[in-house]
Amino acid sequence: MPKTATSTKKVSAKAGLNGSAAKTTQSVKANGSSADDGSYFDLELAKAEYAARRDSQLRSIKTIDKKLLREMLYQMVLGRRFEEKCAEVYRMGKIGGFCHLYIGQEAIAIGSMMALEPSDMVITAYRDHVQAMVKGLSPESVLAELYGKEGGCVKGKGGSMHMFSQEHQFYGGHGIVGGQIGVGTGLGYAAKYKATGQVVLCFFGEAAVNQGIFHESLNMAQLWKLPVIYICENNHYGMGTSQERAMSIRNIAKKAESYGMANEFVDGMDVMAVREATLRAIDRARNESMPTLLEVRAYRYMGHSMSDPGNYRTRDEIARYQERDPILLFKDTLKAAKVLSDKEFDKIEQEAAAAVERAVEFAENSPYPSESELLTDVLV
Amino acid sequence: MAVLTIRDALNEALREEILRDENVFVMGEEVAEYDGAYKVTRGLWKEFGDKRVVDTPITELGFAAVGVGAAMAGLRPVIEFMTWNFSILASDQIINHAAKMLYMSGGQFKVPIVFRGPNGSAFQVSSQHSQALEAFYANFPGLKVVMPSTAADAKGLLKSSIRDDNPVIFLEQERMYGLKGEVPEGDDFIIPLGLADIKREGTDCTIVARSMTVPLALQAAEKIQAEFDVSVEVVDPRTIKPLDIDTIVGSVQKTNRLVIAEESHEFASVGAEITYQVMDRAFDHLDAPIKRVSTAETPMPYAKNLEAAALPSVEKIIAAVKDVCYL
Ligand SMILES: Cc1ncc(C[n+]2csc(CCOP(=O)(O)OP(=O)(O)O)c2C)c(N)n1
Ligand SMILES: [Mg+2]
């Protein structure tokens with residue numbers, strides 16, 4: 001059974017370029033809890049654990065800057081409304097190709113990325129719209145990219161799966177399952193080599209863990225002490241295949257232990273839990289140059305992509321996860337802690353709706369890329 | 001004859017071969033319970049169960065390897081890549097292992113395996129999902145490479161590929177899965193590998209096309225006939241390796257002009273190989289330099305207008321035919 005992130009011990013490893021891994025590495029226990037006892041996906045348990053940590057969470061929230069909390073909620077709401085708009089305009093034929101929506105997983109991107117410094121690096125897979133926006137790309141440039149327009153963040157060349165921005169240290173949007181895990185490891189290698197102090201957040205789905213590159217990367221990152229935080233977004237499905245049907249054990253966090261890597265299991269519906277776990281991992285990466293694997297469990301409400309009929313799960317299952325909707329949970333917490341009121345929630349909704357409308361207007365009015373763009377950017 | 005989509009023709013071929021030979025099984029991502037990402041394996045898992053139709057984790061290198069080992073030990077795996085783009089992860093098993101096994105073992109271990117799935121572009125799926133890999137695989141001795149363009153060819157060639165004792169790269173096209181065509185009845189219908197098919201007879205110019213460019217070439221031929229009264233012959237090699245160069249050369253000897261239409265990039269392409277072989281065998285029969293229509297030398301862009309500009313089209317094929325006919 002999953003334990004809360006807060007129960008995890010801190011690692012005592014020391015950074016060091018040539019330090020012996022054996023001596024300085026000590027893995028954080030994967031809350032061993034998450035044993036293969038079949039109750040791993042037990043929602044009641046997640047609720048109970050949430051309830052158990054609620055008091056301390058409410059206390060600690062009062063110590064956090066109110067502006068930051070408001071911005072976190074705003075980004076979650078914006079991400080949700082943006083993706084809903086994508087679904088709407090996709091059905092109108094404005095967006096082509098594959099389009100993977102993030103609805104239900106917002107607490108992961110917001111909880112983890114808003115604990116970063118702006119210069120830190122982020123890389124993810126094809127479900128990348130919300131990560132891109134949280135990293136600072138404008139909703140305009142993301143939606144225009146989805147429209148395949150010149151004003152898109154990569155000039156219409158990449159589309160839904162391939163958002164990038166060097167300015168914002170957003171290293172993409174990648175379409176080959178698992179590929180970015182290795183590339184993210186290389187980003188960490190460069191940060192350490194140049195001693196920039198940057199850390200890397202490297203996102204991937206639970207199904208990507210079955211690719212060899214996940215294992216190759218974790219081994220290298222631990223061996224070479226790279227400042228990479230591997231965030232496995234466990235939404236239970238890789239396309240139509242549930243995790244149980246594709247993975248011999250259920251506890252993904254625990255896999256880090258075969259490499260001696262620090263790891264935690266995190267409730268991905270609780271944005272504050274994600275934030276706290278990420279802060280611990282950032283501390284380890286920034287101050288000790290050591291990697292961490294976080295398994296963050298959430299749920300994807302929509303189909304795998306816009307063309308997925310979703311016959312592999314029931315409406316009932318989706319509804320049960322939606323009871324713990326990350327935005328609802330966070331609002332509830334903010335209200336209970338008297339940080340934000342209903343009136344402020346309404347204001348946030350209005351701001352998000354307006355931002356989405358501005359993005360639509362921009363994307364609609366942006367021209368198609370000029371044909372001369374076809375042959376540019378192939379080589380430098 | 002029954003009229004089937006290419007998708008259903010492939011499905012029939014798989015079904016008949018699973019029934020015919022107990023060593024045949026289908027393995028890949030989402031092939032079983034989900035009925036296939038593009039529904040080529042629809043209904044097979046329900047009918048044949050877990051032993052013959054196997055869902056895998058997302059682990060291309062791993063399940064390609066399981067296929068190679070199983071084939072060495074006497075099974076006849078059909079390994080589906082959700083798309084051929086993902087085969088690049090498995091290319092070590094295909095090229096270093098499957099293609100070399102017979103030779104390295106001095107003829108002892110054959111690898112009767114089929115790797116199949118959609119190749120080439122789809123609908124705005126961008127750079128990492130829009131690659132035509134026939135030239136890449138055809139470059140390695142030890143592999144056969146097959147590319148059907150009609151429902152009948154899809155069925156007949158897939159059945160031959162499954163029965164073949166060599167590793168076969170079987171390249172479908174997502175844009176073509178819904179195309180319909182007549183397919184001969186009967187589970188003994190097969191098309192031998194290595195035989196080209198003349199899809200349209202003509203006298204003035206030959207177009208060699210494969211997979212997605214075959215329907216484009218046929219449309220181009222009709223328009224050219226109507227507009228310029230030029231009679232175009234369309235030759236579909238169907239198997240890239242071994243290549244039926246005799247049929248291509250025979251056509252060029254008749255028409256004296258050649259256009260090659262292909263979805264891959266042109267540099268070091270199958271079209272480049274055909275150009276060389278025609279030059280070698282029929283140089284004196286050519287009345288004009290050979291022209292090629294290929295995908296632009298760039299990763300595939302997402303934007304609709306750029307994607308269209310990158311890909312071969314009826315218009316580009318017509319322009320090439322006009323060039324070689326000096327029209
Ligand atoms: C190498 C490779 N194999 C297969 C695919 C097709 N594919 C795209 S996403 C996906 C499922 C991935 O699931 P997961 O890693 O859990 O991420 P999620 O989509 O749930 O965010 C598959 C099979 C691919 N893009 N790349
Ligand atoms: Mg998943």
# chains A, B, ... in the order shown; residues from 1 in each chain; ligands from 1
call {"tool": "interface_residues", "arguments": {"of": "chain A", "to": "chain B", "cutoff": "8 Å", "atoms": "only C-alpha atoms", "output": "PyMOL selection string"}}
result
chain A and resi 96-98+147-149+156-159+175-177+207-208+210-212+240-241+245-247+311-312+368-369+371+373-375+378
call {"tool": "write_last_selection", "arguments": {"atoms": "C-alpha atoms", "output": "PDB file, in the first residue's frame"}}
result
ATOM      1  CA  GLY A  96      -4.687  17.284 -36.830  1.00  0.00           C
ATOM      2  CA  GLY A  97      -2.669  14.178 -36.064  1.00  0.00           C
ATOM      3  CA  PHE A  98      -2.373  12.788 -32.564  1.00  0.00           C
ATOM      4  CA  TYR A 147      -3.169  24.517 -35.195  1.00  0.00           C
ATOM      5  CA  GLY A 148       0.025  24.059 -37.226  1.00  0.00           C
ATOM      6  CA  LYS A 149       0.440  27.793 -37.559  1.00  0.00           C
ATOM      7  CA  GLY A 156       4.013  24.698 -36.871  1.00  0.00           C
ATOM      8  CA  LYS A 157       6.641  22.048 -37.513  1.00  0.00           C
ATOM      9  CA  GLY A 158       6.040  19.878 -34.463  1.00  0.00           C
ATOM     10  CA  GLY A 159       2.358  19.857 -33.536  1.00  0.00           C
ATOM     11  CA  GLY A 175       6.900  10.937 -29.472  1.00  0.00           C
ATOM     12  CA  ILE A 176       8.905   7.752 -29.066  1.00  0.00           C
ATOM     13  CA  VAL A 177       7.858   6.097 -25.814  1.00  0.00           C
ATOM     14  CA  ALA A 207       4.271   2.194 -19.667  1.00  0.00           C
ATOM     15  CA  ALA A 208       7.574   3.771 -20.714  1.00  0.00           C
ATOM     16  CA  ASN A 210       9.034  -1.165 -19.713  1.00  0.00           C
ATOM     17  CA  GLN A 211      11.464   0.198 -22.286  1.00  0.00           C
ATOM     18  CA  GLY A 212      15.114  -0.693 -21.844  1.00  0.00           C
ATOM     19  CA  GLY A 240      -5.487   0.460 -23.817  1.00  0.00           C
ATOM     20  CA  THR A 241      -3.182  -1.664 -21.678  1.00  0.00           C
ATOM     21  CA  ARG A 245      -1.216  -6.410 -18.007  1.00  0.00           C
ATOM     22  CA  ALA A 246       2.196  -5.070 -18.979  1.00  0.00           C
ATOM     23  CA  MET A 247       4.412  -5.010 -15.896  1.00  0.00           C
ATOM     24  CA  ASN A 311     -13.347   0.317 -24.392  1.00  0.00           C
ATOM     25  CA  TYR A 312     -10.797  -1.029 -21.928  1.00  0.00           C
ATOM     26  CA  TYR A 368       0.097  28.946 -41.961  1.00  0.00           C
ATOM     27  CA  PRO A 369       3.860  28.602 -42.145  1.00  0.00           C
ATOM     28  CA  GLU A 371       6.362  26.853 -47.710  1.00  0.00           C
ATOM     29  CA  GLU A 373      10.025  26.669 -44.026  1.00  0.00           C
ATOM     30  CA  LEU A 374       9.812  23.100 -45.342  1.00  0.00           C
ATOM     31  CA  LEU A 375      13.532  22.736 -45.931  1.00  0.00           C
ATOM     32  CA  VAL A 378      17.197  20.131 -41.234  1.00  0.00           C
TER      33      VAL A 378
END
call {"tool": "residues_around", "arguments": {"residues": "Ser251 of chain B", "least_positions_apart": "4", "cutoff": "10 Å", "atoms": "only C-alpha atoms", "output": "PyMOL selection string"}}
result
chain B and resi 198+201-208+233-235+245-247+255-258
call {"tool": "write_last_selection", "arguments": {"atoms": "C-alpha atoms", "output": "mmCIF file, in the first residue's frame"}}
result
data_model
loop_
_atom_site.group_PDB
_atom_site.id
_atom_site.type_symbol
_atom_site.label_atom_id
_atom_site.label_comp_id
_atom_site.auth_asym_id
_atom_site.auth_seq_id
_atom_site.Cartn_x
_atom_site.Cartn_y
_atom_site.Cartn_z
ATOM 1 C CA ILE B 198 1.584 -4.277 -63.933
ATOM 2 C CA GLU B 201 -0.795 -1.158 -69.135
ATOM 3 C CA GLY B 202 0.566 1.631 -71.297
ATOM 4 C CA THR B 203 2.950 2.311 -74.141
ATOM 5 C CA ASP B 204 4.536 5.755 -73.739
ATOM 6 C CA CYS B 205 5.964 6.054 -70.225
ATOM 7 C CA THR B 206 6.499 3.745 -67.229
ATOM 8 C CA ILE B 207 5.849 4.762 -63.637
ATOM 9 C CA VAL B 208 7.314 2.425 -61.032
ATOM 10 C CA GLU B 233 2.153 2.001 -67.695
ATOM 11 C CA VAL B 234 2.194 1.606 -63.904
ATOM 12 C CA VAL B 235 4.448 -1.127 -62.529
ATOM 13 C CA ILE B 245 13.825 -5.999 -62.154
ATOM 14 C CA ASP B 246 12.941 -8.041 -65.258
ATOM 15 C CA THR B 247 9.375 -6.748 -65.288
ATOM 16 C CA THR B 255 7.906 2.744 -73.200
ATOM 17 C CA ASN B 256 11.487 4.100 -73.204
ATOM 18 C CA ARG B 257 10.700 6.492 -70.347
ATOM 19 C CA LEU B 258 10.706 6.015 -66.601
#
call {"tool": "residues_near_ligand", "arguments": {"ligand": "ligand 2", "cutoff": "10 Å", "atoms": "only C-alpha atoms and all ligand atoms", "output": "ChimeraX atom specification"}}
result
/A:204-209,232-243,297-300,304
call {"tool": "write_last_selection", "arguments": {"atoms": "C-alpha atoms", "output": "PDB file, in the first residue's frame"}}
result
ATOM      1  CA  PHE A 204       7.362   9.790 -18.649  1.00  0.00           C
ATOM      2  CA  GLY A 205       4.398   7.453 -18.399  1.00  0.00           C
ATOM      3  CA  GLU A 206       4.283   4.210 -16.449  1.00  0.00           C
ATOM      4  CA  ALA A 207       4.271   2.194 -19.667  1.00  0.00           C
ATOM      5  CA  ALA A 208       7.574   3.771 -20.714  1.00  0.00           C
ATOM      6  CA  VAL A 209       9.174   2.072 -17.717  1.00  0.00           C
ATOM      7  CA  CYS A 232       6.900   8.579 -13.643  1.00  0.00           C
ATOM      8  CA  GLU A 233       3.348   9.773 -14.264  1.00  0.00           C
ATOM      9  CA  ASN A 234       1.469   6.618 -13.429  1.00  0.00           C
ATOM     10  CA  ASN A 235      -1.999   7.063 -14.925  1.00  0.00           C
ATOM     11  CA  HIS A 236      -2.535   3.284 -14.895  1.00  0.00           C
ATOM     12  CA  TYR A 237      -2.753   2.843 -18.668  1.00  0.00           C
ATOM     13  CA  GLY A 238      -0.478   2.855 -21.667  1.00  0.00           C
ATOM     14  CA  MET A 239      -3.013   3.298 -24.443  1.00  0.00           C
ATOM     15  CA  GLY A 240      -5.487   0.460 -23.817  1.00  0.00           C
ATOM     16  CA  THR A 241      -3.182  -1.664 -21.678  1.00  0.00           C
ATOM     17  CA  SER A 242      -3.453  -1.420 -17.919  1.00  0.00           C
ATOM     18  CA  GLN A 243      -0.296  -1.492 -15.886  1.00  0.00           C
ATOM     19  CA  ARG A 297      -0.031   8.188  -9.352  1.00  0.00           C
ATOM     20  CA  ALA A 298      -2.877  10.042 -11.033  1.00  0.00           C
ATOM     21  CA  TYR A 299      -5.512   9.188 -13.594  1.00  0.00           C
ATOM     22  CA  ARG A 300      -6.158  10.161 -17.199  1.00  0.00           C
ATOM     23  CA  HIS A 304      -5.226   8.012 -24.644  1.00  0.00           C
TER      24      HIS A 304
END
call {"tool": "select_by_dssp", "arguments": {"residues": "segment 88-269 of chain B", "states": "strand (DSSP E or B)", "output": "VMD selection string"}}
result
chain B and resid 114 to 118 144 to 146 168 to 172 180 to 183 197 to 200 205 to 209 232 to 236 239 to 241 258 to 265
call {"tool": "closest_residue", "arguments": {"among": "B:Glu80, B:Asp229, B:Glu47, B:Asp236", "to": "ligand 1", "atoms": "only C-alpha atoms and all ligand atoms"}}
result
B:Glu80
call {"tool": "residues_around", "arguments": {"residues": "Val134 of chain A", "least_positions_apart": "6", "cutoff": "10 Å", "atoms": "only C-alpha atoms", "output": "VMD selection string"}}
result
chain A and resid 72 75 to 76 78 to 79 109 to 110 113 to 114 168 170
call {"tool": "write_last_selection", "arguments": {"atoms": "N, CA, C and O atoms", "output": "PDB file, in the first residue's frame"}}
result
ATOM      1  N   MET A  72      -0.522  28.422  -8.399  1.00  0.00           N
ATOM      2  CA  MET A  72      -0.604  26.975  -8.623  1.00  0.00           C
ATOM      3  C   MET A  72      -2.021  26.587  -9.030  1.00  0.00           C
ATOM      4  O   MET A  72      -2.224  25.841  -9.994  1.00  0.00           O
ATOM      5  N   GLN A  75      -2.738  27.804 -12.576  1.00  0.00           N
ATOM      6  CA  GLN A  75      -2.121  26.967 -13.616  1.00  0.00           C
ATOM      7  C   GLN A  75      -2.881  25.654 -13.796  1.00  0.00           C
ATOM      8  O   GLN A  75      -2.999  25.144 -14.909  1.00  0.00           O
ATOM      9  N   MET A  76      -3.376  25.096 -12.702  1.00  0.00           N
ATOM     10  CA  MET A  76      -4.150  23.850 -12.816  1.00  0.00           C
ATOM     11  C   MET A  76      -5.443  24.088 -13.582  1.00  0.00           C
ATOM     12  O   MET A  76      -5.825  23.311 -14.460  1.00  0.00           O
ATOM     13  N   LEU A  78      -6.078  26.613 -15.617  1.00  0.00           N
ATOM     14  CA  LEU A  78      -5.744  26.960 -17.001  1.00  0.00           C
ATOM     15  C   LEU A  78      -5.456  25.693 -17.810  1.00  0.00           C
ATOM     16  O   LEU A  78      -5.957  25.526 -18.928  1.00  0.00           O
ATOM     17  N   GLY A  79      -4.660  24.796 -17.227  1.00  0.00           N
ATOM     18  CA  GLY A  79      -4.341  23.547 -17.922  1.00  0.00           C
ATOM     19  C   GLY A  79      -5.601  22.776 -18.266  1.00  0.00           C
ATOM     20  O   GLY A  79      -5.765  22.278 -19.382  1.00  0.00           O
ATOM     21  N   ALA A 109       2.234  18.018 -13.027  1.00  0.00           N
ATOM     22  CA  ALA A 109       3.051  19.063 -13.651  1.00  0.00           C
ATOM     23  C   ALA A 109       3.146  20.286 -12.751  1.00  0.00           C
ATOM     24  O   ALA A 109       4.236  20.839 -12.548  1.00  0.00           O
ATOM     25  N   ILE A 110       2.016  20.699 -12.187  1.00  0.00           N
ATOM     26  CA  ILE A 110       2.021  21.939 -11.397  1.00  0.00           C
ATOM     27  C   ILE A 110       2.773  21.725 -10.081  1.00  0.00           C
ATOM     28  O   ILE A 110       3.614  22.540  -9.701  1.00  0.00           O
ATOM     29  N   MET A 113       6.681  21.142 -11.171  1.00  0.00           N
ATOM     30  CA  MET A 113       7.401  22.175 -11.926  1.00  0.00           C
ATOM     31  C   MET A 113       7.409  23.519 -11.211  1.00  0.00           C
ATOM     32  O   MET A 113       8.333  24.306 -11.377  1.00  0.00           O
ATOM     33  N   MET A 114       6.376  23.762 -10.407  1.00  0.00           N
ATOM     34  CA  MET A 114       6.355  25.057  -9.733  1.00  0.00           C
ATOM     35  C   MET A 114       7.246  25.057  -8.495  1.00  0.00           C
ATOM     36  O   MET A 114       7.323  26.051  -7.768  1.00  0.00           O
ATOM     37  N   HIS A 168      12.724  28.922 -22.491  1.00  0.00           N
ATOM     38  CA  HIS A 168      12.148  28.502 -21.218  1.00  0.00           C
ATOM     39  C   HIS A 168      12.755  27.203 -20.677  1.00  0.00           C
ATOM     40  O   HIS A 168      12.228  26.603 -19.750  1.00  0.00           O
ATOM     41  N   PHE A 170      12.662  24.359 -21.923  1.00  0.00           N
ATOM     42  CA  PHE A 170      11.718  23.255 -22.115  1.00  0.00           C
ATOM     43  C   PHE A 170      12.214  22.428 -23.291  1.00  0.00           C
ATOM     44  O   PHE A 170      12.169  22.866 -24.442  1.00  0.00           O
TER      45      PHE A 170
END
call {"tool": "atom_distance", "arguments": {"atom1": "atom CA of Asn166 of chain B", "atom2": "atom CA of Pro112 of chain B"}}
result
4.7 Å
call {"tool": "closest_residue", "arguments": {"among": "B:Lys144, B:Arg175, B:Lys155, B:Lys100", "to": "Tyr38 of chain B", "atoms": "only C-alpha atoms"}}
result
B:Arg175
call {"tool": "atom_distance", "arguments": {"atom1": "atom CA of Pro184 of chain B", "atom2": "atom CA of Arg20 of chain B"}}
result
17.9 Å
call {"tool": "select_by_dssp", "arguments": {"residues": "segment 103-240 of chain B", "states": "alpha helix (DSSP H)", "output": "NGL selection string"}}
result
:B and (103-104 or 134-138 or 151-163 or 213-228)
call {"tool": "residues_around", "arguments": {"residues": "Ile6 of chain B", "least_positions_apart": "6", "cutoff": "8 Å", "atoms": "only C-alpha atoms", "output": "compact mmCIF listing (two decimals) with N, CA and C atoms, in the first residue's frame"}}
result
# COMPACT_ATOMS: atom_id res chain seq x y z
N THR B 150 -2.62 -3.12 -52.81
CA THR B 150 -4.05 -3.41 -52.98
C THR B 150 -4.47 -4.46 -51.95
N ALA B 151 -5.77 -4.63 -51.81
CA ALA B 151 -6.26 -5.63 -50.85
C ALA B 151 -5.82 -7.04 -51.24
N ALA B 152 -5.92 -7.36 -52.52
CA ALA B 152 -5.54 -8.70 -52.95
C ALA B 152 -4.05 -8.94 -52.71
N ALA B 154 -2.19 -7.43 -50.57
CA ALA B 154 -1.94 -7.45 -49.13
C ALA B 154 -2.18 -8.85 -48.60
N LYS B 155 -3.29 -9.45 -49.01
CA LYS B 155 -3.61 -10.77 -48.48
C LYS B 155 -2.65 -11.84 -49.02
N MET B 176 -3.77 3.77 -46.30
CA MET B 176 -4.37 2.85 -47.27
C MET B 176 -5.23 1.76 -46.64
N TYR B 177 -5.27 1.67 -45.31
CA TYR B 177 -5.98 0.54 -44.68
C TYR B 177 -7.45 0.47 -45.12
N GLY B 178 -8.06 1.61 -45.41
CA GLY B 178 -9.48 1.61 -45.77
C GLY B 178 -9.74 1.43 -47.27
N LEU B 179 -8.69 1.34 -48.08
CA LEU B 179 -8.89 1.18 -49.53
C LEU B 179 -9.48 -0.19 -49.83
N LYS B 180 -10.47 -0.21 -50.72
CA LYS B 180 -11.15 -1.48 -51.01
C LYS B 180 -10.69 -2.06 -52.34
N GLY B 181 -10.74 -3.38 -52.43
CA GLY B 181 -10.41 -4.03 -53.69
C GLY B 181 -10.92 -5.46 -53.69
call {"tool": "atom_distance", "arguments": {"atom1": "atom CA of Ile229 of chain A", "atom2": "atom CA of Ala107 of chain A"}}
result
16.4 Å
call {"tool": "residues_around", "arguments": {"residues": "Leu171 of chain B", "least_positions_apart": "6", "cutoff": "9 Å", "atoms": "only C-alpha atoms", "output": "MDAnalysis selection string"}}
result
chainID B and resid 84 115:120 132:134 145:148 211
call {"tool": "closest_residue", "arguments": {"among": "B:Ala90, B:Val24, B:Ile274, B:Val249", "to": "ligand 1", "atoms": "only C-alpha atoms and all ligand atoms"}}
result
B:Ala90
call {"tool": "residues_around", "arguments": {"residues": "Val314 of chain B", "least_positions_apart": "5", "cutoff": "8 Å", "atoms": "only C-alpha atoms", "output": "list of chain:residue names"}}
result
B:Leu216, B:Ala217, B:Gln219, B:Ala220
call {"tool": "residues_around", "arguments": {"residues": "Glu216 of chain A", "least_positions_apart": "4", "cutoff": "10 Å", "atoms": "only C-alpha atoms", "output": "number ranges by chain"}}
result
A: 181-182, 185, 211-212, 220-221, 259
call {"tool": "decode", "arguments": {"residues": "segment 11-29 of chain B", "atoms": "N, CA and C atoms", "output": "CSV table (one decimal), in the first residue's frame"}}
result
chain,number,residue,atom,x,y,z
B,11,ASN,N,-6.3,-9.0,-42.2
B,11,ASN,CA,-6.9,-9.7,-41.1
B,11,ASN,C,-7.2,-11.1,-41.6
B,12,GLU,N,-7.8,-11.3,-42.8
B,12,GLU,CA,-8.1,-12.6,-43.3
B,12,GLU,C,-6.8,-13.5,-43.4
B,13,ALA,N,-5.8,-12.8,-44.0
B,13,ALA,CA,-4.5,-13.6,-44.1
B,13,ALA,C,-4.0,-14.1,-42.8
B,14,LEU,N,-4.0,-13.2,-41.8
B,14,LEU,CA,-3.5,-13.6,-40.5
B,14,LEU,C,-4.4,-14.8,-39.9
B,15,ARG,N,-5.7,-14.6,-40.1
B,15,ARG,CA,-6.6,-15.6,-39.5
B,15,ARG,C,-6.4,-17.0,-40.2
B,16,GLU,N,-6.3,-16.9,-41.5
B,16,GLU,CA,-6.1,-18.2,-42.3
B,16,GLU,C,-4.8,-18.9,-41.9
B,17,GLU,N,-3.7,-18.1,-41.7
B,17,GLU,CA,-2.4,-18.7,-41.4
B,17,GLU,C,-2.4,-19.2,-40.0
B,18,ILE,N,-3.1,-18.5,-39.1
B,18,ILE,CA,-3.1,-19.0,-37.7
B,18,ILE,C,-3.8,-20.4,-37.7
B,19,LEU,N,-4.9,-20.5,-38.5
B,19,LEU,CA,-5.7,-21.7,-38.6
B,19,LEU,C,-4.8,-22.8,-39.3
B,20,ARG,N,-4.0,-22.4,-40.3
B,20,ARG,CA,-3.3,-23.4,-41.1
B,20,ARG,C,-2.1,-24.0,-40.4
B,21,ASP,N,-1.5,-23.2,-39.5
B,21,ASP,CA,-0.2,-23.7,-39.0
B,21,ASP,C,-0.2,-23.4,-37.5
B,22,GLU,N,-0.1,-24.4,-36.6
B,22,GLU,CA,-0.2,-24.1,-35.2
B,22,GLU,C,1.0,-23.4,-34.6
B,23,ASN,N,2.1,-23.3,-35.4
B,23,ASN,CA,3.2,-22.5,-35.0
B,23,ASN,C,3.2,-21.0,-35.2
B,24,VAL,N,2.1,-20.6,-35.9
B,24,VAL,CA,2.0,-19.2,-36.2
B,24,VAL,C,1.3,-18.5,-35.0
B,25,PHE,N,1.9,-17.4,-34.6
B,25,PHE,CA,1.2,-16.6,-33.6
B,25,PHE,C,1.5,-15.1,-33.9
B,26,VAL,N,0.6,-14.2,-33.4
B,26,VAL,CA,0.8,-12.8,-33.6
B,26,VAL,C,1.1,-12.1,-32.3
B,27,MET,N,2.1,-11.2,-32.3
B,27,MET,CA,2.5,-10.6,-31.1
B,27,MET,C,2.8,-9.1,-31.3
B,28,GLY,N,2.4,-8.3,-30.4
B,28,GLY,CA,2.7,-6.8,-30.5
B,28,GLY,C,1.9,-6.0,-29.5
B,29,GLU,N,2.1,-4.7,-29.6
B,29,GLU,CA,1.4,-3.8,-28.7
B,29,GLU,C,-0.1,-3.6,-29.1
